[in-house]
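Here is the structure we will look at.
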Amino acid sequence: MRGMRSMLYIPGNAPGMIQNAAVFGADMVMIDLEDAVALSEKDAARDITAGFLRHYDFGDLPVVVRINGADTPFFEEDLEAIVPLKPFAIRLPKCQDPSDVLLADSRMTEIEKRHGMSGGLVPIHAMLESARGIENAYAIATASSRVTALTLGGQDLTADMGIQKTRDGWELFYARSRVVMAAKAAGIAAFDTVWTDFNDPEGLFREARQIVELGFTGKAAIHPSQVEVIHRAFRPDAKEVRKAERIVAAAAEAERQGRGVVAVDGKMVDAPIIVRARHLISLAGLYGMEGGEAQ
Amino acid sequence: MVELVLRMAQAGTLESADCLVTVVPAEEFRLDYRGVNRKLFGERTRKLVMETLERTGFSGMQVTIQDQGALELVIRARLETALRRAVGEV
């Protein structure tokens with residue numbers, strides 16, 4: 001299983017950081033053409049990012065590009081320059097309703113056709129950063145088959161709501177739950193927002209644990225030091241892993257014996273539990289946990 | 001009708017692993033390549049710059065590069081940005 005627990009933002013106008021992207025150990029990097037780049041440098045960041053995608057070997061590190069929103073003069077040129085280079089995905093900011101996804105989708109299809117790529121190749125990670133976006137979460141998640149992840153933009157969302165983002169994060173509870181639920185219902189990934197205080201890794205860990213428990217499959221990082229903290233938060237409990245192994249073994253045994261019912265520790269265990277157990281074992285494999293299978 | 005003009009332009013930074021590229025319209029091509037890698041990569045850089053100018057249709061350009069240890073692809077990208085910025089509307 002390829003981990004998708006952490007995604008590290010890297011400013012698109014910082015070649016030194018981009019070339020060292022793999023060193024930071026994140027599961028994915030997101031080269032940012034949007035908020036991390038000054039207006040006067042949008043063209044430069046685009047050229048640098050395109051140059052790296054075209055010529056640099058990132059190995060098996062997935063590289064996503066966050067482009068500028070459709071409400072900016074940079075949207076079209078960003079797509080034009082980046083889509084033909086087949087990034088792992090385009091992170092699309094400020095998705096308010098399905099039409100925002102469909103607009104990007106049709107532009108991308110047209111670009112792909114023009115470049116002889118079969119349509120629908122480059123996925124979209126849709127950012128929900130406003131009240132409308134959150135309310136339209138499921139519709140956005142299912143607007144196009146390109147959408148493979150929903151992600152929460154907490155800074156912009158709290159600003160849109162006219163509230164503060166607090167250390168506890170309670171104000172984002174509904175938004176987070178809605179994003180996760182919509183993503184699960186659509187069968188796609190759910191990524192949480194960034195923790196902006198890099199002098200408070202404890203706070204980051206607490207938040208990351210919370211969002212793992214809510215069902216998020218990944219969390220964005222804005223500083224390399226946050227990657228390890230996020231990975232720690234996603235690490236499954238050793239006892240849970242051993243139990244998952246017993247469940248999967250019991251399921252295999254039941255199948256061998258032609259039994260429809262699986263029992264573990266005297267309790268009946270049905271299909272969703274077995275699926276969850278398999279997933280947990282895959283996740284454990286990322287941490288080299290004993291008995292876990294690395295794939 | 002839009003009239004285009006060539007002017008001096010710049011792209012990049014002096015950060016480590018980056019370079020600062022300045023282009024000035026001139027009678028003919030000239031390259032001034034400065035930085036720690038001058039001796040090691042002078043020839044490579046000249047080739048890269050000439051190839052980029054030819055590909056983008058620019059001929060008379062005085063190009064100055066202050067190299068802080070940039071990869072070739074970075075020098076190329078910064079030069080492309082500078083050249084695009086050099087084209088302005090009257």
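Following the order of the structure tokens, first chain is A, next is B, and so on, with residues numbered from 1 inside each chain and ligands from 1 in the order they appear.
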
Check: which chain A residues lie within 7 Å of chain B using only C-alpha atoms, as a list in words: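 Selected residues: Pro15, Gly16, Asp43, Ala44, Asp47, Ile48, Gly51, Phe52 and His55 of chain A.
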
Now that the selection is made, can you save its residues with C-alpha atoms as a PDB file, in the first residue's frame?
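And here's out_0.pdb as it stands now:
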ATOM      1  CA  PRO A  15      13.777  25.272  -6.594  1.00  0.00           C
ATOM      2  CA  GLY A  16      16.051  24.411  -3.673  1.00  0.00           C
ATOM      3  CA  ASP A  43       4.786  33.029 -13.919  1.00  0.00           C
ATOM      4  CA  ALA A  44       8.179  32.121 -12.453  1.00  0.00           C
ATOM      5  CA  ASP A  47       7.942  27.715 -15.148  1.00  0.00           C
ATOM      6  CA  ILE A  48       9.993  26.218 -12.317  1.00  0.00           C
ATOM      7  CA  GLY A  51      10.657  22.377 -15.454  1.00  0.00           C
ATOM      8  CA  PHE A  52      10.835  20.002 -12.499  1.00  0.00           C
ATOM      9  CA  HIS A  55      13.085  16.964 -16.250  1.00  0.00           C
TER      10      HIS A  55
END

Distance query Val2 of chain B at most 12 Å, only C-alpha atoms, self and fewer than 4 positions along chain excluded, as a PyMOL selection string: chain B and resi 87-90

Residues from the last selection, N, CA and C atoms, saved as a tab-separated table (two decimals), in the first residue's frame:
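File written: part37.tsv
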chain	number	residue	atom	x	y	z
B	87	VAL	N	9.26	40.63	-22.98
B	87	VAL	CA	8.35	41.05	-24.03
B	87	VAL	C	7.22	41.85	-23.41
B	88	GLY	N	7.12	43.08	-23.82
B	88	GLY	CA	6.06	43.91	-23.25
B	88	GLY	C	5.26	44.58	-24.35
B	89	GLU	N	4.10	45.09	-23.94
B	89	GLU	CA	3.30	45.84	-24.89
B	89	GLU	C	3.65	47.31	-24.80
B	90	VAL	N	3.62	47.95	-25.95
B	90	VAL	CA	3.97	49.37	-25.95
B	90	VAL	C	2.89	50.17	-25.23

Two-atom distance - atom CA of Gly203 of chain A, atom CA of Ile222 of chain A (Å):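 Pair atom CA of Gly203 of chain A / atom CA of Ile222 of chain A returns 14.5 Å.
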
Close residues, segment 72-89 of chain A itself excluded, 8 Å, only C-alpha atoms, min 2 positions apart in chain, as a ChimeraX atom specification: /A:42,46,49-50,53-54,62-65,67-70,91,107-108,111-112,115,117,121-125

Would you mind exporting the chosen residues as an mmCIF file, in the first residue's frame, restricted to C-alpha atoms?
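The resulting file, result_27.cif, is reproduced below:
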data_model
loop_
_atom_site.group_PDB
_atom_site.id
_atom_site.type_symbol
_atom_site.label_atom_id
_atom_site.label_comp_id
_atom_site.auth_asym_id
_atom_site.auth_seq_id
_atom_site.Cartn_x
_atom_site.Cartn_y
_atom_site.Cartn_z
ATOM 1 C CA LYS A 42 3.198 33.354 -10.486
ATOM 2 C CA ARG A 46 4.802 27.938 -13.011
ATOM 3 C CA THR A 49 7.299 23.667 -11.489
ATOM 4 C CA ALA A 50 6.873 22.678 -15.131
ATOM 5 C CA LEU A 53 7.898 17.896 -13.651
ATOM 6 C CA ARG A 54 9.433 17.619 -17.079
ATOM 7 C CA PRO A 62 3.786 11.391 -5.933
ATOM 8 C CA VAL A 63 3.865 15.060 -6.919
ATOM 9 C CA VAL A 64 0.645 17.047 -6.814
ATOM 10 C CA VAL A 65 0.409 20.631 -8.038
ATOM 11 C CA ILE A 67 -2.882 25.546 -9.076
ATOM 12 C CA ASN A 68 -4.543 28.931 -8.739
ATOM 13 C CA GLY A 69 -8.326 29.009 -8.593
ATOM 14 C CA ALA A 70 -10.635 29.649 -11.521
ATOM 15 C CA ARG A 91 -5.153 20.218 -6.215
ATOM 16 C CA ARG A 107 -10.433 22.291 -19.447
ATOM 17 C CA MET A 108 -8.240 19.371 -18.476
ATOM 18 C CA ILE A 111 -5.750 19.956 -22.850
ATOM 19 C CA GLU A 112 -5.213 16.216 -22.591
ATOM 20 C CA HIS A 115 -1.598 16.619 -26.229
ATOM 21 C CA MET A 117 -3.271 11.954 -23.833
ATOM 22 C CA LEU A 121 -5.959 10.953 -16.967
ATOM 23 C CA VAL A 122 -5.004 13.556 -14.372
ATOM 24 C CA PRO A 123 -7.001 13.353 -11.111
ATOM 25 C CA ILE A 124 -8.338 16.272 -9.085
ATOM 26 C CA HIS A 125 -8.011 16.739 -5.340
#

Polymer residues at most 9 Å from Glu202 of chain A, only C-alpha atoms, same-chain spacing of 4 or more positions, as a list of chain:residue names: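 Non-adjacent residues within range: A:Arg206, A:Glu207, A:Val229.
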
Of the listed residues B:Asp67, B:Gly60, B:Leu40, B:Glu54, that which approaches Val23 of chain B most closely, counting only C-alpha atoms: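 Of B:Asp67, B:Gly60, B:Leu40, B:Glu54, the one nearest Val23 of chain B is B:Gly60, counting only C-alpha atoms.
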
Residue set, segment 8-75 of chain B restricted to alpha helix (DSSP H), as a ChimeraX atom specification: /B:38-56,72-75

All strand (DSSP E) positions in segment 27-178 of chain A, as a PyMOL selection string: chain A and resi 28-32+63-66+89-92+124-128+147-152

Dump as a compact mmCIF listing (two decimals), in the first residue's frame, selection limited to N, CA, C and O atoms:
# COMPACT_ATOMS: atom_id res chain seq x y z
N MET A 28 3.69 12.31 0.02
CA MET A 28 3.34 13.03 -1.20
C MET A 28 3.81 14.47 -1.04
O MET A 28 3.88 14.99 0.07
N VAL A 29 4.21 15.11 -2.14
CA VAL A 29 4.48 16.56 -2.05
C VAL A 29 3.49 17.32 -2.92
O VAL A 29 3.00 16.79 -3.93
N MET A 30 3.21 18.54 -2.50
CA MET A 30 2.30 19.38 -3.27
C MET A 30 3.04 20.66 -3.61
O MET A 30 3.30 21.49 -2.75
N ILE A 31 3.42 20.80 -4.86
CA ILE A 31 4.08 22.02 -5.30
C ILE A 31 3.01 23.08 -5.44
O ILE A 31 2.00 22.90 -6.15
N ASP A 32 3.20 24.18 -4.74
CA ASP A 32 2.15 25.18 -4.62
C ASP A 32 2.37 26.37 -5.55
O ASP A 32 3.39 27.06 -5.46
N VAL A 63 3.78 13.60 -6.92
CA VAL A 63 3.86 15.06 -6.92
C VAL A 63 2.54 15.64 -7.40
O VAL A 63 2.12 15.41 -8.53
N VAL A 64 1.90 16.37 -6.51
CA VAL A 64 0.65 17.05 -6.81
C VAL A 64 0.97 18.52 -7.04
O VAL A 64 1.94 19.04 -6.46
N VAL A 65 0.21 19.19 -7.87
CA VAL A 65 0.41 20.63 -8.04
C VAL A 65 -0.87 21.36 -7.64
O VAL A 65 -1.95 21.05 -8.14
N ARG A 66 -0.75 22.29 -6.69
CA ARG A 66 -1.91 23.12 -6.35
C ARG A 66 -1.86 24.34 -7.27
O ARG A 66 -0.95 25.17 -7.17
N ALA A 89 -1.70 14.53 -9.30
CA ALA A 89 -3.04 15.13 -9.28
C ALA A 89 -2.91 16.64 -9.35
O ALA A 89 -1.83 17.19 -9.12
N ILE A 90 -4.02 17.29 -9.67
CA ILE A 90 -4.12 18.74 -9.55
C ILE A 90 -4.92 19.01 -8.29
O ILE A 90 -6.04 18.48 -8.13
N ARG A 91 -4.37 19.81 -7.39
CA ARG A 91 -5.15 20.22 -6.21
C ARG A 91 -5.86 21.51 -6.60
O ARG A 91 -5.22 22.50 -6.92
N LEU A 92 -7.18 21.44 -6.59
CA LEU A 92 -8.01 22.54 -7.07
C LEU A 92 -8.58 23.32 -5.90
O LEU A 92 -9.43 22.81 -5.16
N ILE A 124 -8.15 15.01 -9.80
CA ILE A 124 -8.34 16.27 -9.09
C ILE A 124 -8.48 15.99 -7.60
O ILE A 124 -9.24 15.09 -7.20
N HIS A 125 -7.76 16.73 -6.78
CA HIS A 125 -8.01 16.74 -5.34
C HIS A 125 -8.73 18.05 -5.06
O HIS A 125 -8.16 19.13 -5.22
N ALA A 126 -10.00 17.96 -4.69
CA ALA A 126 -10.83 19.16 -4.56
C ALA A 126 -10.71 19.75 -3.16
O ALA A 126 -10.95 19.07 -2.16
N MET A 127 -10.37 21.04 -3.10
CA MET A 127 -10.28 21.72 -1.81
C MET A 127 -11.60 22.37 -1.46
O MET A 127 -12.16 23.13 -2.27
N LEU A 128 -12.07 22.12 -0.26
CA LEU A 128 -13.28 22.75 0.25
C LEU A 128 -12.85 23.76 1.28
O LEU A 128 -12.30 23.40 2.32
N VAL A 147 -12.19 13.27 -9.54
CA VAL A 147 -12.02 13.63 -8.14
C VAL A 147 -11.67 12.39 -7.32
O VAL A 147 -12.51 11.51 -7.15
N THR A 148 -10.44 12.34 -6.81
CA THR A 148 -10.01 11.18 -6.03
C THR A 148 -9.75 11.54 -4.57
O THR A 148 -9.38 10.67 -3.77
N ALA A 149 -9.91 12.81 -4.23
CA ALA A 149 -9.77 13.21 -2.83
C ALA A 149 -10.52 14.50 -2.57
O ALA A 149 -10.63 15.38 -3.44
N LEU A 150 -11.04 14.60 -1.34
CA LEU A 150 -11.60 15.86 -0.83
C LEU A 150 -10.63 16.36 0.21
O LEU A 150 -10.10 15.57 1.01
N THR A 151 -10.39 17.65 0.20
CA THR A 151 -9.51 18.15 1.23
C THR A 151 -10.05 19.43 1.86
O THR A 151 -10.68 20.24 1.20
N LEU A 152 -9.81 19.57 3.13
CA LEU A 152 -10.34 20.69 3.89
C LEU A 152 -9.31 21.81 3.93
O LEU A 152 -8.15 21.59 4.26

Top pick for closest residue to Asn199 of chain A, considering A:Ser40, A:Arg176, A:Ser225, A:Thr217 and counting only C-alpha atoms: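 Looking only at the distances to Asn199 of chain A, the closest residue turns out to be A:Ser225.
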
d(atom CA of Ala220 of chain A, atom CA of Met7 of chain A) in Å: 4.7 Å

Using only C-alpha atoms: which of A:Arg114, A:Arg178, A:Arg146, A:His279 has the shortest distance to Ile134 of chain A: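 Distance minimum relative to Ile134 of chain A lands on A:Arg178.
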